[in-house]
file final12.csv (CSV, C-alpha atoms and all ligand atoms)
chain,number,residue,atom,x,y,z
A,1,MET,CA,-5.4,-2.3,-18.4
A,2,ALA,CA,-3.1,0.6,-17.6
A,3,GLY,CA,-3.1,3.9,-15.8
A,4,ILE,CA,-2.0,7.4,-16.6
A,5,TYR,CA,-0.7,9.7,-13.8
A,6,ILE,CA,-0.4,13.5,-14.6
A,7,HIS,CA,1.6,15.6,-12.2
A,8,ILE,CA,0.7,19.2,-11.8
A,9,PRO,CA,3.6,20.6,-9.9
A,10,PHE,CA,2.2,24.0,-8.9
A,11,CYS,CA,1.0,25.2,-5.5
A,12,LYS,CA,-0.3,28.6,-4.5
A,13,GLN,CA,1.7,28.4,-1.3
A,14,ARG,CA,3.8,25.6,0.3
A,15,CYS,CA,2.7,23.7,3.3
A,16,THR,CA,5.3,23.3,6.0
A,17,TYR,CA,5.4,19.5,6.1
A,18,CYS,CA,5.4,18.8,2.3
A,19,ASP,CA,8.4,17.6,0.4
A,20,PHE,CA,6.7,16.7,-2.9
A,21,TYR,CA,8.2,18.5,-5.9
A,22,THR,CA,6.1,21.6,-6.6
A,23,GLU,CA,6.7,25.3,-7.2
A,24,VAL,CA,4.8,28.5,-6.6
A,25,ALA,CA,5.2,29.7,-10.2
A,26,PRO,CA,1.8,30.1,-12.0
A,27,GLN,CA,3.5,32.0,-14.8
A,28,PHE,CA,4.9,28.7,-16.1
A,29,ILE,CA,1.5,27.0,-16.4
A,30,PRO,CA,0.7,27.7,-20.1
A,31,LYS,CA,4.2,26.6,-21.3
A,32,PHE,CA,4.0,23.6,-19.0
A,33,ILE,CA,0.7,22.4,-20.4
A,34,ASP,CA,2.2,22.7,-23.9
A,35,SER,CA,5.1,20.5,-22.8
A,36,MET,CA,2.9,17.9,-21.2
A,37,VAL,CA,1.0,17.5,-24.4
A,38,LYS,CA,4.3,17.0,-26.2
A,39,GLU,CA,5.4,14.5,-23.6
A,40,LEU,CA,2.1,12.6,-24.1
A,41,LYS,CA,2.8,12.4,-27.9
A,42,ILE,CA,6.4,11.5,-27.5
A,43,ARG,CA,5.5,8.6,-25.1
A,44,LYS,CA,2.3,7.5,-26.8
A,45,ASP,CA,3.7,3.9,-27.3
A,46,TYR,CA,4.9,3.5,-23.7
A,47,LEU,CA,1.7,1.6,-22.6
A,48,GLN,CA,1.7,-0.5,-25.9
A,49,ASN,CA,-1.9,0.4,-26.7
A,50,ALA,CA,-3.3,-1.0,-23.4
A,51,PRO,CA,-6.7,0.4,-22.7
A,52,ILE,CA,-6.6,3.1,-20.0
A,53,SER,CA,-8.7,2.2,-16.9
A,54,THR,CA,-7.6,5.1,-14.7
A,55,ILE,CA,-6.4,8.7,-15.1
A,56,TYR,CA,-5.2,10.5,-12.1
A,57,PHE,CA,-4.2,14.2,-11.9
A,58,GLY,CA,-2.1,14.6,-8.8
A,59,GLY,CA,0.1,17.3,-7.4
A,60,GLY,CA,0.9,19.8,-6.4
A,61,THR,CA,-2.4,21.3,-7.0
A,62,PRO,CA,-4.3,20.2,-10.1
A,63,SER,CA,-7.2,22.4,-9.1
A,64,ILE,CA,-5.0,25.4,-10.0
A,65,LEU,CA,-5.8,24.6,-13.7
A,66,ASN,CA,-8.8,26.0,-15.4
A,67,ARG,CA,-11.3,24.1,-17.6
A,68,GLU,CA,-9.6,25.0,-20.8
A,69,GLN,CA,-6.2,23.7,-19.6
A,70,PHE,CA,-7.6,20.4,-18.4
A,71,SER,CA,-9.5,20.1,-21.7
A,72,THR,CA,-6.2,20.5,-23.7
A,73,ILE,CA,-4.7,17.6,-21.7
A,74,PHE,CA,-7.8,15.5,-22.0
A,75,ASP,CA,-7.9,16.0,-25.8
A,76,ALA,CA,-4.3,14.8,-26.1
A,77,VAL,CA,-5.0,11.7,-23.8
A,78,TYR,CA,-8.2,10.7,-25.7
A,79,ASN,CA,-6.6,11.2,-29.1
A,80,LEU,CA,-3.6,9.1,-28.2
A,81,HIS,CA,-5.1,6.4,-26.1
A,82,THR,CA,-8.2,4.2,-25.8
A,83,VAL,CA,-9.8,5.2,-22.5
A,84,ALA,CA,-12.2,2.6,-21.1
A,85,ASP,CA,-15.8,3.9,-20.9
A,86,ASP,CA,-15.9,3.2,-17.2
A,87,ALA,CA,-12.4,4.6,-16.5
A,88,GLU,CA,-11.9,6.2,-13.1
A,89,ILE,CA,-10.8,9.7,-13.7
A,90,THR,CA,-9.7,11.7,-10.6
A,91,PHE,CA,-8.2,15.1,-9.8
A,92,GLU,CA,-6.7,16.2,-6.5
A,93,ALA,CA,-8.0,19.5,-5.3
A,94,ASN,CA,-7.3,22.0,-2.5
A,95,PRO,CA,-10.6,23.1,-0.9
A,96,ASP,CA,-10.3,26.8,-1.5
A,97,ASP,CA,-10.2,26.2,-5.3
A,98,LEU,CA,-13.5,24.3,-5.2
A,99,THR,CA,-16.0,27.0,-5.8
A,100,PRO,CA,-19.5,25.9,-7.1
A,101,ASP,CA,-18.8,27.3,-10.6
A,102,PHE,CA,-15.4,25.6,-10.8
A,103,LEU,CA,-17.0,22.3,-9.7
A,104,VAL,CA,-19.7,22.5,-12.3
A,105,SER,CA,-17.1,23.1,-15.0
A,106,MET,CA,-15.1,20.1,-13.8
A,107,ARG,CA,-18.2,17.9,-14.1
A,108,SER,CA,-18.5,18.8,-17.7
A,109,LEU,CA,-15.0,17.2,-18.2
A,110,PRO,CA,-14.5,13.4,-18.0
A,111,PHE,CA,-13.8,13.6,-14.2
A,112,ASN,CA,-15.8,11.2,-12.0
A,113,ARG,CA,-13.8,11.4,-8.8
A,114,ILE,CA,-12.3,14.1,-6.6
A,115,SER,CA,-9.7,13.8,-3.9
A,116,ILE,CA,-9.8,16.8,-1.6
A,117,GLY,CA,-6.8,17.7,0.5
A,118,ILE,CA,-8.4,18.7,3.8
A,119,GLN,CA,-5.7,17.5,6.3
A,120,SER,CA,-7.6,19.0,9.2
A,121,PHE,CA,-10.9,20.8,10.0
A,122,ASP,CA,-9.2,22.8,12.8
A,123,ASP,CA,-8.3,26.4,11.7
A,124,GLN,CA,-5.4,26.6,14.2
A,125,ASP,CA,-3.9,23.3,12.8
A,126,LEU,CA,-4.4,24.6,9.3
A,127,SER,CA,-2.7,27.9,9.9
A,128,ARG,CA,0.2,26.2,11.7
A,129,ILE,CA,1.0,24.0,8.7
A,130,ASN,CA,0.5,26.9,6.3
A,131,ARG,CA,-2.6,25.5,4.5
A,132,ARG,CA,-4.4,28.1,2.6
A,133,HIS,CA,-8.0,27.0,3.4
A,134,THR,CA,-10.2,27.2,6.5
A,135,SER,CA,-12.3,24.6,8.1
A,136,THR,CA,-15.5,26.2,6.7
A,137,GLN,CA,-14.0,26.1,3.2
A,138,ALA,CA,-13.2,22.4,3.6
A,139,VAL,CA,-16.8,21.5,4.6
A,140,ASN,CA,-18.2,23.7,1.9
A,141,ALA,CA,-15.9,22.2,-0.7
A,142,VAL,CA,-17.2,18.7,0.0
A,143,LYS,CA,-20.9,19.8,0.1
A,144,ASP,CA,-20.5,21.8,-3.1
A,145,ALA,CA,-18.8,18.9,-4.9
A,146,GLN,CA,-21.7,16.7,-3.9
A,147,GLN,CA,-24.1,19.4,-5.1
A,148,ALA,CA,-22.3,19.5,-8.4
A,149,GLY,CA,-22.9,15.8,-8.8
A,150,PHE,CA,-19.7,14.1,-7.7
A,151,GLY,CA,-20.7,10.8,-6.2
A,152,ASN,CA,-17.2,9.6,-5.6
A,153,ILE,CA,-15.3,11.9,-3.2
A,154,SER,CA,-12.2,11.2,-1.2
A,155,VAL,CA,-10.7,13.4,1.5
A,156,ASP,CA,-7.1,13.4,2.7
A,157,LEU,CA,-6.5,13.9,6.4
A,158,ILE,CA,-3.2,14.0,8.4
A,159,TYR,CA,-3.1,12.8,12.0
A,160,GLY,CA,-0.4,13.6,14.5
A,161,LEU,CA,-0.2,17.3,13.6
A,162,PRO,CA,1.8,19.4,16.0
A,163,PHE,CA,0.0,19.9,19.3
A,164,GLN,CA,-2.8,17.5,18.2
A,165,THR,CA,-4.3,15.4,21.0
A,166,LEU,CA,-6.2,12.1,20.7
A,167,ASP,CA,-9.5,14.0,21.4
A,168,ASP,CA,-8.7,16.5,18.7
A,169,TRP,CA,-8.2,13.7,16.2
A,170,ASP,CA,-11.4,12.1,17.4
A,171,ARG,CA,-13.2,15.3,16.5
A,172,GLN,CA,-11.5,15.4,13.1
A,173,LEU,CA,-12.7,11.9,12.3
A,174,ASP,CA,-16.3,12.7,13.4
A,175,MET,CA,-16.3,15.7,11.1
A,176,ALA,CA,-14.9,13.8,8.1
A,177,LEU,CA,-17.3,10.9,8.7
A,178,SER,CA,-20.3,13.2,8.9
A,179,LEU,CA,-19.7,14.5,5.4
A,180,GLN,CA,-20.9,11.3,3.6
A,181,VAL,CA,-17.8,10.9,1.5
A,182,GLN,CA,-16.9,7.5,-0.1
A,183,HIS,CA,-13.2,7.4,0.6
A,184,ILE,CA,-10.7,8.6,3.2
A,185,SER,CA,-6.9,8.7,3.0
A,186,ALA,CA,-5.4,9.4,6.4
A,187,TYR,CA,-1.6,9.7,6.8
A,188,GLY,CA,0.4,10.0,10.0
A,189,LEU,CA,2.4,13.2,9.8
A,190,THR,CA,6.0,12.5,8.8
A,191,TYR,CA,8.8,15.0,9.4
A,192,GLU,CA,10.6,15.2,6.0
A,193,GLU,CA,14.2,16.4,6.1
A,194,GLY,CA,14.6,20.0,4.9
A,195,THR,CA,11.0,21.0,5.2
A,196,PRO,CA,10.1,24.1,7.3
A,197,LEU,CA,8.3,21.7,9.7
A,198,TRP,CA,11.5,19.7,10.1
A,199,LYS,CA,13.4,22.9,10.9
A,200,GLN,CA,10.8,23.9,13.4
A,201,ARG,CA,11.3,20.6,15.2
A,202,GLU,CA,15.1,21.1,15.1
A,203,LYS,CA,14.7,24.4,16.8
A,204,GLY,CA,12.2,23.1,19.3
A,205,GLU,CA,9.5,25.3,17.9
A,206,THR,CA,6.9,22.7,17.5
A,207,ALA,CA,5.3,19.9,19.5
A,208,PRO,CA,5.6,16.5,17.7
A,209,VAL,CA,3.1,13.9,18.8
A,210,ASP,CA,4.7,10.9,20.6
A,211,ASP,CA,4.6,7.3,19.1
A,212,MET,CA,2.1,6.0,21.6
A,213,THR,CA,-0.4,8.7,20.8
A,214,MET,CA,0.3,8.2,17.0
A,215,ASN,CA,-0.5,4.5,17.5
A,216,ALA,CA,-3.7,5.3,19.4
A,217,MET,CA,-4.7,7.8,16.7
A,218,TYR,CA,-4.3,5.1,14.1
A,219,LEU,CA,-6.3,2.6,16.1
A,220,LEU,CA,-9.1,5.2,16.5
A,221,LEU,CA,-9.0,5.8,12.8
A,222,ARG,CA,-9.5,2.1,12.0
A,223,GLU,CA,-12.2,1.7,14.6
A,224,LYS,CA,-14.3,4.8,13.6
A,225,THR,CA,-14.0,4.2,9.9
A,226,SER,CA,-15.0,0.6,10.3
A,227,LEU,CA,-18.0,1.4,12.4
A,228,LYS,CA,-19.2,3.6,9.5
A,229,GLY,CA,-18.8,0.8,7.0
A,230,PHE,CA,-15.4,1.8,5.5
A,231,GLU,CA,-13.0,-1.0,4.7
A,232,ALA,CA,-9.3,-0.5,5.5
A,233,TYR,CA,-8.1,-1.8,2.2
A,234,GLU,CA,-4.6,-0.3,2.6
A,235,ILE,CA,-2.8,1.0,5.7
A,236,SER,CA,-3.7,4.6,4.9
A,237,ASN,CA,-6.8,4.1,2.7
A,238,PHE,CA,-10.4,3.5,3.7
A,239,ALA,CA,-13.3,3.0,1.3
A,240,LEU,CA,-17.0,2.3,1.4
A,241,PRO,CA,-17.8,-0.9,-0.6
A,242,ASP,CA,-17.0,-0.5,-4.3
A,243,PHE,CA,-15.2,2.8,-3.7
A,244,ARG,CA,-11.6,1.7,-3.4
A,245,SER,CA,-9.3,4.0,-5.5
A,246,ARG,CA,-8.8,1.9,-8.6
A,247,HIS,CA,-5.8,4.1,-9.6
A,248,ASN,CA,-3.9,3.4,-6.3
A,249,SER,CA,-5.0,-0.3,-6.5
A,250,SER,CA,-3.4,-0.6,-9.9
A,251,TYR,CA,-0.1,0.5,-8.4
A,252,TRP,CA,-0.5,-2.1,-5.8
A,253,LYS,CA,-1.4,-4.8,-8.3
A,254,GLN,CA,1.7,-4.1,-10.3
A,255,GLU,CA,-0.2,-2.8,-13.4
A,256,THR,CA,1.7,-0.6,-15.9
A,257,TYR,CA,1.3,3.2,-15.7
A,258,LEU,CA,2.6,6.2,-17.6
A,259,GLY,CA,3.6,9.2,-15.5
A,260,ILE,CA,3.5,12.6,-17.3
A,261,GLY,CA,5.1,15.8,-16.0
A,262,PRO,CA,8.1,16.8,-13.8
A,263,SER,CA,9.0,14.2,-11.2
A,264,ALA,CA,6.3,11.8,-12.4
A,265,HIS,CA,7.2,8.1,-12.3
A,266,SER,CA,6.3,5.4,-14.9
A,267,TYR,CA,6.4,1.6,-14.7
A,268,ASP,CA,6.2,-0.9,-17.6
A,269,LEU,CA,6.7,-4.2,-15.7
A,270,ILE,CA,10.5,-4.3,-16.6
A,271,SER,CA,11.7,-0.9,-15.8
A,272,ARG,CA,10.9,2.2,-13.7
A,273,GLN,CA,11.5,5.7,-15.0
A,274,TRP,CA,11.2,9.1,-13.4
A,275,ASN,CA,11.0,12.5,-15.0
A,276,ILE,CA,13.3,15.5,-14.1
A,277,ALA,CA,12.0,17.2,-10.9
A,278,SER,CA,12.2,20.7,-12.2
A,279,ILE,CA,9.6,22.6,-14.2
A,280,SER,CA,12.1,24.7,-16.2
A,281,ARG,CA,14.4,21.9,-17.0
A,282,TYR,CA,11.5,19.6,-17.9
A,283,VAL,CA,10.0,22.2,-20.3
A,284,GLU,CA,13.4,22.9,-21.8
A,285,ALA,CA,14.3,19.3,-22.3
A,286,ILE,CA,11.0,18.4,-23.9
A,287,ASN,CA,11.2,21.3,-26.3
A,288,THR,CA,14.8,20.7,-27.4
A,289,ASN,CA,14.5,16.9,-27.7
A,290,GLN,CA,16.8,16.3,-24.8
A,291,PRO,CA,16.4,13.4,-22.3
A,292,PHE,CA,13.9,14.4,-19.7
A,293,PHE,CA,13.9,11.2,-17.5
A,294,GLU,CA,16.1,8.6,-15.9
A,295,ARG,CA,15.4,5.0,-16.3
A,296,GLU,CA,16.3,1.9,-14.3
A,297,GLU,CA,15.9,-1.7,-15.4
A,298,LEU,CA,14.4,-3.7,-12.6
A,299,THR,CA,16.2,-6.8,-11.3
A,300,LEU,CA,14.2,-9.8,-10.0
A,301,ASN,CA,15.0,-8.6,-6.5
A,302,ASP,CA,13.7,-5.1,-7.2
A,303,ARG,CA,10.5,-6.5,-8.5
A,304,TYR,CA,10.2,-8.9,-5.5
A,305,ASN,CA,10.8,-6.0,-3.1
A,306,ASP,CA,8.2,-3.8,-4.8
A,307,PHE,CA,5.7,-6.5,-4.7
A,308,VAL,CA,6.2,-7.4,-1.0
A,309,MET,CA,6.3,-3.7,0.0
A,310,VAL,CA,3.0,-2.8,-1.6
A,311,SER,CA,1.0,-6.0,-1.2
A,312,LEU,CA,1.7,-6.5,2.5
A,313,ARG,CA,0.2,-3.0,3.1
A,314,THR,CA,-3.1,-4.0,1.6
A,315,SER,CA,-6.0,-5.9,3.1
A,316,ASP,CA,-5.8,-8.3,0.1
A,317,GLY,CA,-2.4,-9.4,1.5
A,318,LEU,CA,0.7,-11.0,0.1
A,319,ASP,CA,-0.2,-13.9,-2.1
A,320,MET,CA,2.5,-16.6,-1.7
A,321,GLN,CA,1.4,-18.6,-4.7
A,322,PHE,CA,1.7,-15.5,-6.9
A,323,LEU,CA,5.1,-14.7,-5.3
A,324,GLU,CA,6.5,-18.1,-6.0
A,325,ARG,CA,5.2,-18.2,-9.5
A,326,GLU,CA,6.5,-14.7,-10.3
A,327,PHE,CA,9.8,-14.6,-8.4
A,328,GLY,CA,10.8,-18.3,-8.0
A,329,THR,CA,11.3,-20.7,-5.1
A,330,GLU,CA,14.4,-19.0,-3.8
A,331,LEU,CA,12.8,-15.6,-3.1
A,332,ALA,CA,9.7,-17.3,-1.9
A,333,GLY,CA,11.8,-19.3,0.6
A,334,TYR,CA,13.6,-16.1,1.6
A,335,CYS,CA,10.3,-14.4,2.3
A,336,LEU,CA,9.0,-17.3,4.3
A,337,ARG,CA,12.2,-17.6,6.5
A,338,ASN,CA,12.1,-13.8,7.2
A,339,ILE,CA,8.4,-13.5,7.9
A,340,LYS,CA,8.4,-16.4,10.4
A,341,THR,CA,9.5,-14.3,13.4
A,342,PHE,CA,6.6,-11.9,12.8
A,343,MET,CA,4.2,-14.8,12.5
A,344,ASP,CA,5.4,-16.2,15.8
A,345,SER,CA,4.9,-12.8,17.5
A,346,GLU,CA,1.5,-12.4,15.8
A,347,LYS,CA,2.4,-9.3,13.8
A,348,VAL,CA,1.6,-11.2,10.6
A,349,TYR,CA,-1.0,-14.0,10.0
A,350,TYR,CA,-1.5,-16.5,7.2
A,351,ALA,CA,-4.8,-17.4,5.8
A,352,GLU,CA,-6.1,-18.7,2.4
A,353,GLY,CA,-2.6,-18.6,0.9
A,354,LYS,CA,-1.9,-15.0,1.9
A,355,PHE,CA,0.1,-13.2,4.6
A,356,ARG,CA,-1.6,-10.1,6.1
A,357,LEU,CA,-0.5,-7.7,8.8
A,358,THR,CA,-2.3,-7.9,12.2
A,359,THR,CA,-3.3,-4.5,13.8
A,360,GLU,CA,-0.1,-4.7,15.8
A,361,GLY,CA,1.9,-5.6,12.7
A,362,ILE,CA,0.5,-2.5,11.0
A,363,GLN,CA,2.1,-0.3,13.7
A,364,ILE,CA,5.5,-1.7,12.9
A,365,SER,CA,5.0,-2.3,9.2
A,366,ASN,CA,8.1,-0.4,8.2
A,367,LEU,CA,10.3,-2.6,10.3
A,368,ILE,CA,8.6,-5.8,9.0
A,369,LEU,CA,9.0,-4.7,5.4
A,370,ILE,CA,12.7,-3.9,5.9
A,371,GLN,CA,13.3,-7.4,7.2
A,372,LEU,CA,11.6,-8.9,4.1
A,373,MET,CA,13.5,-6.8,1.5
A,374,LYS,CA,16.2,-8.6,-0.5
A,375,VAL,CA,19.3,-6.5,-1.1
A,401,LIG,C1,1.2,16.0,-2.0
A,401,LIG,S1,-0.4,16.2,-1.5
A,401,LIG,C2,-1.2,16.7,-3.0
A,401,LIG,C3,-2.6,17.1,-2.7
A,401,LIG,C4,-3.0,18.6,-2.5
A,401,LIG,N1,-2.0,19.4,-3.0
A,401,LIG,C5,-3.1,18.9,-1.1
A,401,LIG,O1,-2.2,19.3,-0.5
A,401,LIG,O2,-4.2,18.8,-0.6
A,401,LIG,C6,-1.0,14.6,-1.2
A,401,LIG,C7,-1.3,14.2,0.2
A,401,LIG,O3,-0.1,13.8,0.8
A,401,LIG,C8,-0.2,13.9,2.2
A,401,LIG,N2,1.1,14.4,2.7
A,401,LIG,C9,2.0,15.1,2.1
A,401,LIG,N3,3.1,15.3,2.9
A,401,LIG,C10,2.9,14.6,4.1
A,401,LIG,C11,3.6,14.4,5.3
A,401,LIG,N4,4.8,15.0,5.4
A,401,LIG,N5,3.0,13.7,6.2
A,401,LIG,C12,1.8,13.1,6.1
A,401,LIG,N6,1.1,13.3,5.0
A,401,LIG,C13,1.6,14.0,4.0
A,401,LIG,C14,-1.3,14.9,2.5
A,401,LIG,O4,-2.4,14.3,3.1
A,401,LIG,C15,-1.7,15.4,1.1
A,401,LIG,O5,-3.1,15.6,0.9
A,402,LIG,S1,0.6,19.4,0.6
A,402,LIG,FE1,-0.3,19.9,-1.4
A,402,LIG,S2,-0.7,22.1,-1.4
A,402,LIG,FE2,0.7,21.7,0.3
A,402,LIG,S3,2.7,22.0,-0.6
A,402,LIG,FE3,2.3,19.8,-0.8
A,402,LIG,S4,1.4,19.6,-2.8
A,402,LIG,FE4,1.3,21.8,-2.3

call {"tool": "encode", "arguments": {"input": "final12.csv", "output": "structure tokens"}}
result
Amino acid sequence: MAGIYIHIPFCKQRCTYCDFYTEVAPQFIPKFIDSMVKELKIRKDYLQNAPISTIYFGGGTPSILNREQFSTIFDAVYNLHTVADDAEITFEANPDDLTPDFLVSMRSLPFNRISIGIQSFDDQDLSRINRRHTSTQAVNAVKDAQQAGFGNISVDLIYGLPFQTLDDWDRQLDMALSLQVQHISAYGLTYEEGTPLWKQREKGETAPVDDMTMNAMYLLLREKTSLKGFEAYEISNFALPDFRSRHNSSYWKQETYLGIGPSAHSYDLISRQWNIASISRYVEAINTNQPFFEREELTLNDRYNDFVMVSLRTSDGLDMQFLEREFGTELAGYCLRNIKTFMDSEKVYYAEGKFRLTTEGIQISNLILIQLMKV
């Protein structure tokens, strides 16, 4: 089984914290769709005819496209690949795009999952980070999606927004959990270099949340989602039974995927490649038969690092038998030697052949992962 990721690099306005590659340039959309279809054709053999079990439109803002534009892309995907009948097919959406009419038109396409970028239900938070929706629009987007027949809805939230207190975050969680969604992705705010938010912090114009409060927010997130029956199947991802994101899980399980569009990444078990992060250069390269991606052959160490990095973040854990079989006894030994200190300090535990992070370990997961990496 394999996945297809389609990157729609357009936004109506840029949020202050975001460093994903996107542009506010709607005039390029038609030419861009054309080029994507060409890329799909050029790379039709990349997945070697593997059946497609997940298709994910991410962004940027996929919900900026209309039905016809999605249809054009779907036609190409279905003509070139065998898509499994039960494939999970998701699009990311910004709440203000999700009008009842738009949602109904999306239901008439193969989509069966929506991931709505809410971030916060607090209007003051939303305006500080330059989101273009309001809290009311966020709530209505979820309700209208349910009304339109979407039974697999995920919402994205960010905790640790400037000026946010633990009580504020508590209210955000109550709000999200009252909406009867099946999946929540919640990320601690990161200050990415070069973003407007980063600059605000440099100038002392914002109030970053301290580490202790961030940790408390994360613990609250785990506690409240768990009480409502959500499983923390990855550090930032929470799902009701049977509603894990299959697309994300396939990244974590090291399955192959094809990434289409500017800045999209692809993986075929032996190499990783990434497309040019520029709409205009991407369109030009595709249309003049020039290279539009860079490629890197993965060494054994790279593959080991990727595996450890993703699997230890999941509740399924790091399978030592698999690690030894795939990467050999030397790397397995390296992993065991380095993980021991974290076992001794109860940041990691071992059960049924797998290492998993404890709640305390999750809070220093980056540090643990760095120690396990083989350079
Ligand atoms: C790149 S966005 C695309 C989805 C959609 N455009 C949106 O904004 O709702 C994917 C998710 O990444 C998260 N994200 C992006 N930048 C972040 C940051 N600096 N800190 C924490 N979360 C971030 C947000 O939760 C966002 O919904
Ligand atoms: S968070 Fe989403 S809407 Fe905001 S700039 Fe990033 S991709 Fe665009």

call {"tool": "residues_near_ligand", "arguments": {"input": "final12.csv", "ligand": "ligand LIG 401 (chain A)", "cutoff": "6 Å", "atoms": "all atoms listed in the file", "output": "PyMOL selection string"}}
result
chain A and resi 17-18+20+59-61+92-94+117+119+156-158+187-192

call {"tool": "residues_around", "arguments": {"input": "final12.csv", "residues": "range 329-336 of chain A", "least_positions_apart": "5", "cutoff": "10 Å", "atoms": "all atoms listed in the file", "output": "NGL selection string"}}
result
:A and (300-301 or 304-305 or 308 or 320-324 or 341 or 343 or 355 or 371-374)

call {"tool": "atom_distance", "arguments": {"input": "final12.csv", "atom1": "CA of Ser35 in chain A", "atom2": "CA of Asp96 in chain A"}}
result
27.0 Å

call {"tool": "atom_distance", "arguments": {"input": "final12.csv", "atom1": "CA of Pro162 in chain A", "atom2": "CA of Ser115 in chain A"}}
result
23.7 Å

call {"tool": "closest_residue", "arguments": {"input": "final12.csv", "among": "A:Asn338, A:Gln254, A:Thr22, A:Ser71", "to": "ligand LIG 402 (chain A)", "atoms": "only C-alpha atoms and all ligand atoms"}}
result
A:Thr22

call {"tool": "atom_distance", "arguments": {"input": "final12.csv", "atom1": "CA of Phe150 in chain A", "atom2": "CA of Pro110 in chain A"}}
result
11.6 Å

call {"tool": "closest_residue", "arguments": {"input": "final12.csv", "among": "A:Ala285, A:Ser266, A:Thr195, A:Thr54", "to": "Tyr21 in chain A", "atoms": "all atoms listed in the file"}}
result
A:Thr195

call {"tool": "closest_residue", "arguments": {"input": "final12.csv", "among": "A:Ser278, A:Gln48, A:Gln290, A:Thr136", "to": "Pro9 in chain A", "atoms": "only C-alpha atoms"}}
result
A:Ser278

call {"tool": "closest_residue", "arguments": {"input": "final12.csv", "among": "A:Lys38, A:Gly151, A:Val104, A:Leu197", "to": "ligand LIG 402 (chain A)", "atoms": "all atoms listed in the file"}}
result
A:Leu197

call {"tool": "closest_residue", "arguments": {"input": "final12.csv", "among": "A:Tyr257, A:Phe10, A:Tyr282, A:Phe327", "to": "ligand LIG 402 (chain A)", "atoms": "all atoms listed in the file"}}
result
A:Phe10

call {"tool": "closest_residue", "arguments": {"input": "final12.csv", "among": "A:Asp268, A:Glu39, A:Asp97, A:Asp344", "to": "ligand LIG 402 (chain A)", "atoms": "only C-alpha atoms and all ligand atoms"}}
result
A:Asp97

call {"tool": "residues_around", "arguments": {"input": "final12.csv", "residues": "Ile279 in chain A", "least_positions_apart": "5", "cutoff": "8 Å", "atoms": "all atoms listed in the file", "output": "PyMOL selection string"}}
result
chain A and resi 9+28+32+262
